[in-house]
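Below: target.cif (mmCIF, C-alpha atoms)
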data_start
loop_
_atom_site.label_atom_id
_atom_site.label_comp_id
_atom_site.auth_asym_id
_atom_site.auth_seq_id
_atom_site.Cartn_x
_atom_site.Cartn_y
_atom_site.Cartn_z
CA MET C 745 30.71 -2.30 45.49
CA THR C 746 27.92 -4.79 45.91
CA ALA C 747 25.54 -1.98 46.89
CA ASN C 748 26.46 -0.10 43.74
CA ARG C 749 25.90 -3.12 41.62
CA ARG C 750 22.51 -3.68 43.26
CA THR C 751 21.33 -0.12 42.63
CA PHE C 752 22.59 -0.33 39.07
CA ILE C 753 20.57 -3.51 38.45
CA LYS C 754 17.51 -1.99 40.11
CA LYS C 755 17.77 1.14 38.00
CA SER C 756 18.30 -0.73 34.76
CA VAL C 757 15.31 -2.97 35.44
CA ALA C 758 13.17 0.07 36.18
CA LEU C 759 14.39 1.82 33.04
CA SER C 760 13.68 -1.14 30.78
CA ALA C 761 10.22 -1.55 32.29
CA TYR C 762 9.56 2.13 31.71
CA SER C 763 10.76 1.96 28.11
CA ILE C 764 8.52 -1.07 27.47
CA ILE C 765 5.53 0.82 28.81
CA VAL C 766 6.35 3.88 26.70
CA THR C 767 6.85 1.98 23.47
CA SER C 768 3.75 -0.15 23.97
CA GLY C 769 1.83 2.99 24.85
CA LEU C 770 3.03 4.63 21.65
CA LEU C 771 2.07 1.57 19.65
CA SER C 772 -1.46 1.53 21.02
CA LEU C 773 -1.69 5.27 20.34
CA SER C 774 -0.82 4.84 16.64
CA GLU C 775 -3.23 1.92 16.43
CA ALA C 776 -5.98 4.05 17.93
CA LYS C 777 -5.24 6.72 15.34
CA ALA C 778 -5.38 4.17 12.52
CA ASN C 779 -8.80 3.02 13.69
CA LEU C 780 -10.08 6.58 13.75
CA LEU C 781 -9.11 7.23 10.14
CA PRO C 782 -12.14 7.60 7.90
CA ASP C 783 -12.70 5.13 5.10
CA THR C 784 -11.06 7.29 2.46
CA PRO C 785 -7.83 6.87 0.53
CA SER C 786 -4.88 8.07 2.62
CA THR C 787 -1.13 7.67 2.88
CA HIS C 788 -0.53 4.06 3.74
CA SER C 789 1.45 1.19 2.40
CA LEU C 790 -0.31 -1.48 0.36
CA GLN C 791 -0.52 -3.93 3.25
CA GLN C 792 -1.99 -1.33 5.59
CA THR C 793 -4.46 -0.23 2.92
CA LEU C 794 -5.56 -3.81 2.30
CA LYS C 795 -5.95 -4.41 6.03
CA ARG C 796 -7.95 -1.23 6.48
CA LEU C 797 -10.21 -1.85 3.48
CA PHE C 798 -10.84 -5.54 3.85
CA LYS C 799 -10.02 -6.13 7.55
CA ASP C 800 -8.81 -9.70 7.85
CA GLN C 801 -10.93 -11.11 5.05
CA GLU C 802 -9.36 -13.82 2.98
CA ILE C 803 -8.53 -12.65 -0.54
CA ILE C 804 -8.31 -15.42 -3.10
CA ALA C 805 -6.35 -15.04 -6.35
CA SER C 806 -8.71 -15.59 -9.28
CA ASP C 807 -8.35 -15.99 -13.04
CA LYS C 808 -11.90 -14.79 -13.59
CA ILE C 809 -10.80 -11.16 -13.41
CA ASP C 810 -9.45 -9.66 -16.61
CA ILE C 811 -7.25 -6.56 -16.44
CA GLN C 812 -6.43 -4.72 -19.63
CA LEU C 813 -3.38 -2.59 -18.98
CA PRO C 814 -0.51 -1.64 -21.30
CA LYS C 815 2.71 -3.60 -20.60
CA ILE C 816 4.76 -0.45 -21.07
CA ALA C 817 3.33 2.97 -20.29
CA VAL C 818 5.26 5.91 -21.74
CA ASN C 819 3.44 8.48 -19.62
CA GLY C 820 2.58 7.46 -16.09
CA ALA C 821 0.21 10.43 -15.70
CA ALA C 822 -2.57 8.66 -17.58
CA VAL C 823 -2.49 4.89 -17.94
CA SER C 824 -5.76 3.44 -19.13
CA ILE C 825 -7.04 0.38 -17.31
CA THR C 826 -10.12 -1.72 -18.01
CA VAL C 827 -11.29 -4.33 -15.54
CA THR C 828 -13.87 -6.96 -16.45
CA SER C 829 -14.86 -10.08 -14.60
CA THR C 830 -16.90 -13.23 -15.10
CA LEU C 831 -17.47 -13.61 -11.36
CA LYS C 832 -21.10 -13.63 -10.21
CA ASP C 833 -22.79 -11.19 -7.85
CA VAL C 834 -20.04 -8.60 -7.94
CA GLU C 835 -20.57 -5.97 -5.26
CA SER C 836 -17.49 -3.80 -5.56
CA ILE C 837 -14.29 -3.38 -7.56
CA ALA C 838 -11.18 -1.80 -6.03
CA ILE C 839 -8.08 -0.75 -7.97
CA LEU C 840 -4.74 -0.36 -6.17
CA VAL C 841 -1.31 0.67 -7.46
CA GLU C 842 1.32 -1.07 -5.35
CA LYS C 843 4.17 1.45 -5.39
CA ASN C 844 2.22 4.71 -5.32
CA PRO C 845 2.44 6.61 -2.03
CA THR C 846 -1.32 6.14 -1.65
CA PRO C 847 -2.03 2.72 -3.16
CA LEU C 848 -5.83 2.92 -3.37
CA ALA C 849 -6.88 4.53 -6.64
CA ALA C 850 -10.61 3.89 -6.51
CA LYS C 851 -13.24 1.60 -5.12
CA PHE C 852 -16.60 1.35 -6.83
CA GLU C 853 -19.66 -0.21 -5.26
CA LEU C 854 -21.72 -1.48 -8.18
CA SER C 855 -25.40 -2.29 -8.07
CA PRO C 856 -26.73 -5.49 -9.72
CA ASP C 857 -27.89 -3.29 -12.63
CA LEU C 858 -24.29 -3.01 -13.76
CA ASP C 859 -21.89 -5.38 -15.45
CA PRO C 860 -18.66 -6.04 -13.57
CA PHE C 861 -16.86 -3.55 -15.79
CA VAL C 862 -14.81 -0.47 -14.90
CA SER C 863 -12.57 1.58 -17.13
CA THR C 864 -10.52 4.58 -16.05
CA HIS C 865 -7.14 6.31 -16.28
CA LEU C 866 -4.55 5.92 -13.51
CA LYS C 867 -1.56 7.89 -12.33
CA ILE C 868 1.38 5.54 -11.76
CA ALA C 869 4.54 6.90 -10.12
CA GLU C 870 6.97 4.13 -11.11
CA SER C 871 6.98 0.63 -12.59
CA SER C 872 4.64 -1.27 -10.33
CA ALA C 873 2.03 -3.94 -9.99
CA VAL C 874 -1.61 -2.97 -10.27
CA LEU C 875 -3.90 -4.96 -8.04
CA VAL C 876 -7.64 -5.38 -8.55
CA ILE C 877 -9.82 -6.72 -5.76
CA VAL C 878 -13.35 -7.79 -6.58
CA GLU C 879 -15.86 -8.26 -3.79
CA THR C 880 -18.68 -10.69 -4.44
CA SER C 881 -21.40 -11.99 -2.16
CA GLU C 882 -19.22 -15.07 -1.61
CA GLY C 883 -15.89 -13.44 -0.84
CA PHE C 884 -12.98 -11.42 -2.10
CA TYR C 885 -11.00 -12.20 -5.24
CA SER C 886 -7.89 -10.54 -6.56
CA ALA C 887 -5.82 -10.31 -9.72
CA GLY C 888 -2.70 -8.36 -10.56
CA GLU C 889 -0.90 -7.05 -13.60
CA LYS C 890 2.51 -5.43 -13.92
CA VAL C 891 3.20 -2.24 -15.81
CA ILE C 892 6.53 -0.67 -16.75
CA VAL C 893 6.43 3.11 -16.56
CA THR C 894 9.12 4.97 -18.48
CA MET C 895 8.11 8.45 -17.28
CA GLY C 896 6.57 8.57 -13.82
CA GLY C 897 3.36 10.51 -13.54
CA CYS C 898 2.53 12.02 -10.23
CA MET B 522 0.41 19.99 -24.81
CA GLN B 523 -1.55 18.19 -22.14
CA GLU B 524 -1.73 21.33 -20.02
CA LYS B 525 -3.14 23.27 -22.94
CA LYS B 526 -5.71 20.57 -23.51
CA SER B 527 -6.82 20.49 -19.88
CA SER B 528 -6.98 24.27 -19.60
CA LEU B 529 -9.21 24.17 -22.68
CA LEU B 530 -11.34 21.57 -20.94
CA TRP B 531 -11.59 23.83 -17.92
CA ALA B 532 -12.65 26.72 -20.15
CA VAL B 533 -15.28 24.56 -21.86
CA ALA B 534 -16.52 23.40 -18.47
CA ARG B 535 -16.82 27.00 -17.25
CA ILE B 536 -18.89 28.01 -20.26
CA GLN B 537 -21.21 25.03 -19.91
CA MET B 538 -21.39 25.63 -16.14
CA SER B 539 -20.70 21.99 -15.55
CA SER B 540 -17.50 20.07 -15.07
CA ILE B 541 -19.03 16.75 -16.15
CA LYS B 542 -19.43 15.49 -19.69
CA ILE B 543 -21.55 12.37 -20.10
CA ARG B 544 -21.91 10.10 -23.12
CA THR B 545 -24.02 6.98 -23.36
CA LYS B 546 -24.25 4.38 -26.07
CA ARG B 547 -26.84 1.60 -26.31
CA LYS B 548 -25.64 -1.60 -27.91
CA ASP B 549 -26.71 -5.27 -27.67
CA GLY B 550 -29.04 -4.70 -24.74
CA GLU B 551 -26.41 -2.83 -22.77
CA THR B 552 -25.65 0.81 -22.23
CA GLN B 553 -22.14 2.08 -21.92
CA ILE B 554 -21.83 5.13 -19.69
CA ARG B 555 -18.73 7.26 -20.17
CA MET B 556 -17.91 10.39 -18.24
CA LEU B 557 -15.16 12.98 -18.34
CA ILE B 558 -14.80 15.32 -15.39
CA ALA B 559 -12.69 18.49 -15.46
CA HIS B 560 -10.71 18.43 -12.21
CA PRO B 561 -7.03 19.08 -11.33
CA MET B 562 -6.75 15.92 -9.13
CA GLU B 563 -3.74 17.20 -7.16
CA HIS B 564 -2.48 14.74 -4.56
CA GLY B 565 -0.54 17.31 -2.51
CA ARG B 566 3.01 16.17 -3.28
CA ASN B 567 3.57 18.19 -6.46
CA ARG B 568 5.44 21.48 -6.30
CA ASP B 569 4.68 24.68 -8.13
CA ALA B 570 7.26 25.10 -10.92
CA LYS B 571 7.76 28.81 -10.19
CA THR B 572 7.53 29.19 -6.42
CA ASN B 573 8.54 25.62 -5.47
CA ALA B 574 5.73 25.63 -2.91
CA LEU B 575 3.68 22.48 -2.42
CA ILE B 576 0.41 22.51 -4.32
CA PRO B 577 -2.30 21.61 -1.81
CA ALA B 578 -4.17 18.35 -2.31
CA HIS B 579 -7.33 18.82 -4.37
CA PHE B 580 -9.00 15.70 -5.65
CA ILE B 581 -12.40 14.10 -6.08
CA GLN B 582 -13.26 11.77 -3.21
CA GLU B 583 -16.75 10.61 -4.01
CA LEU B 584 -18.51 9.82 -7.25
CA THR B 585 -22.17 8.88 -7.39
CA VAL B 586 -24.07 7.68 -10.42
CA LYS B 587 -27.85 7.44 -10.36
CA LEU B 588 -30.13 5.70 -12.81
CA ASN B 589 -33.44 7.57 -12.61
CA LYS B 590 -33.77 7.74 -8.82
CA ASN B 591 -31.67 4.76 -7.78
CA VAL B 592 -28.00 4.95 -6.92
CA ILE B 593 -26.18 2.42 -9.11
CA ILE B 594 -22.55 3.36 -8.49
CA ASN B 595 -20.98 4.58 -5.28
CA GLY B 596 -17.30 5.31 -5.85
CA LYS B 597 -14.53 6.29 -3.46
CA ILE B 598 -11.83 7.99 -5.47
CA GLY B 599 -8.22 8.66 -4.56
CA ALA B 600 -5.65 11.06 -5.97
CA ASN B 601 -4.20 8.18 -8.04
CA ILE B 602 -6.78 8.84 -10.72
CA SER B 603 -5.50 10.99 -13.57
CA LYS B 604 -6.14 14.69 -13.91
CA ASP B 605 -9.47 15.31 -15.67
CA PRO B 606 -10.73 11.86 -14.68
CA PHE B 607 -12.41 9.50 -17.11
CA PHE B 608 -14.66 6.65 -16.01
CA SER B 609 -16.65 4.13 -17.96
CA PHE B 610 -19.26 1.63 -16.80
CA MET B 611 -21.60 -0.88 -18.42
CA LEU B 612 -25.28 -0.80 -17.57
CA ARG B 613 -27.43 -3.90 -18.09
CA GLY B 614 -30.41 -2.85 -20.15
CA GLY B 615 -31.12 0.83 -20.23
CA ASN B 616 -33.89 2.43 -22.25
CA ALA B 617 -34.23 5.62 -24.21
CA GLY B 618 -35.35 8.34 -21.84
CA ASP B 619 -33.57 6.94 -18.79
CA LYS B 620 -32.05 9.69 -16.70
CA ILE B 621 -28.45 9.32 -15.61
CA THR B 622 -27.31 11.68 -12.86
CA ILE B 623 -23.63 11.93 -12.05
CA SER B 624 -22.27 13.92 -9.12
CA TRP B 625 -18.89 14.31 -7.45
CA LEU B 626 -17.57 15.72 -4.20
CA ASP B 627 -13.92 16.70 -3.67
CA ASN B 628 -11.77 17.02 -0.55
CA LEU B 629 -12.32 20.79 -0.41
CA GLY B 630 -16.09 20.37 -0.38
CA ASN B 631 -16.69 21.43 -3.98
CA LYS B 632 -19.31 19.47 -5.84
CA ASP B 633 -21.05 19.26 -9.16
CA THR B 634 -23.96 17.37 -10.68
CA GLN B 635 -24.97 16.72 -14.26
CA VAL B 636 -28.02 14.98 -15.71
CA HIS B 637 -27.98 13.09 -18.99
CA VAL B 638 -30.88 11.46 -20.83
CA VAL B 639 -30.16 8.20 -22.66
CA LYS B 640 -31.08 8.42 -26.33
#

This structure in structure tokens:
Amino acid sequence: MTANRRTFIKKSVALSAYSIIVTSGLLSLSEAKANLLPDTPSTHSLQQTLKRLFKDQEIIASDKIDIQLPKIAVNGAAVSITVTSTLKDVESIAILVEKNPTPLAAKFELSPDLDPFVSTHLKIAESSAVLVIVETSEGFYSAGEKVIVTMGGC
Amino acid sequence: MQEKKSSLLWAVARIQMSSIKIRTKRKDGETQIRMLIAHPMEHGRNRDAKTNALIPAHFIQELTVKLNKNVIINGKIGANISKDPFFSFMLRGGNAGDKITISWLDNLGNKDTQVHVVK
């Protein structure tokens, strides 16, 4: 009886150790894959996209970014958005749609010859927040706006 | 209605041999650059209405805008941009005769370039 119990404990310890190794191995495998992904828009959640695009940079909410977006969009297939900013030394502007399967819509690197101004049309799958992240020489700033989509466009 | 419009755009683009339409407007010391590109921008999750097969992803990934010979905009584009994408930018300054070159590259390796001279 005691021998049985001993072997059972031994086996269960071995099994749990094995499962820990396997799961941690799997985790490191998926991490390795994530690192290998090229810097292009791909299927990721918003948090993952932000982490991939901006690493662990601090993103500060700012009121110096103006987003013009309709409050209610009848057709989600083409929602016009205009982003302007009064921030100085803007280097890039990124537009993300929170609930789309691929959040990143576009990221523009702008030269100093350009005003911090971008206007385009977005596809929005469902009512969601639209996030704009502006990179300046001093850091990253963000602003968001919500849009209600009555007919999803994807 | 929208499909008709975009197929018309495609037809126009074929005739002109370019998928990019560029407009510029000089005002108050600034130049607004507007562009309209004929492209399906499929993200790969839509299904064909008749066969119910997935339509493969086909979207523009890179957009480059040059002012004369300098690159002024380097854009990474995702499939979240609408079909037949529209973009607008504001250029500081800009003189008559400046050359604006716009080119795109999609995920299937197709590309196109168009040159526009600011009036």

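Using all atoms listed in the file, the protein and nucleic acid residues lying no more than 6 Å from region 844-857 of chain C, apart from those fewer than 2 places from it along its own chain, are Pro785, Ser786, Thr787, His788, Leu790, Glu835, Ser836, Ile837, Ala838, Ile839, Leu840, Val841, Glu842 and Ala869 of chain C; Ile593, Ile594, Asn595, Gly596, Lys597, Ile598, Gly599, Asn601, Ile602 and Arg613 of chain B.
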
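The residues returned by the PyMOL selection byres ((chain B and resi 580) around 7) for this structure are Pro561, Met562, Glu563, His564, Ala578, His579, Ile581, Gln582, Ala600, Asp627 and Asn628 of chain B.
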
**Report entry** Selection result of the PyMOL selection byres ((chain C and resi 822) around 6) on this file, as a ChimeraX atom specification
**Finding:** /C:820-821,823,865-867 /B:603

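Comparing the minimum interatomic distances between chain B and each of C:Val818, C:Ile803, C:Asp859, C:Ser881, counting all atoms listed in the file, we find that C:Asp859 sits nearest.
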
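The gap separating CA of Met895 (chain C) from CA of Ala817 (chain C) is 7.9 Å, in Å to one decimal.
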
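CA of His560 (chain B) to CA of Leu858 (chain C) spans 25.4 Å [interatomic distance, one decimal].
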
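Of note, CA of Glu870 (chain C) and CA of Gly896 (chain C) are spaced 5.2 Å apart.
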
Query - Result set, the PyMOL selection byres ((chain B and resi 639) around 8) on current file, as number ranges by chain - result: B: 545-546, 615-621, 637-638, 640

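Shortest atom-to-atom contact with Lys542 (chain B) among B:Leu626, B:Asn567, B:Thr634, B:Lys590: B:Thr634, counting only C-alpha atoms.
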
Report task. Within 10 Å of Thr830 (chain C), counting only C-alpha atoms, which residues show up once you throw out same-chain ones fewer than 2 positions away? Write them as a ChimeraX atom specification, please. Result -> /C:807-810,828,832-834,859-861

Report task. Tell me, as a PyMOL selection string, which residues lie within 8 Å of Leu557 (chain B), counting only C-alpha atoms; anything in the same chain fewer than 2 positions away does not count. Result -> chain B and resi 541-543+555+559+605-608
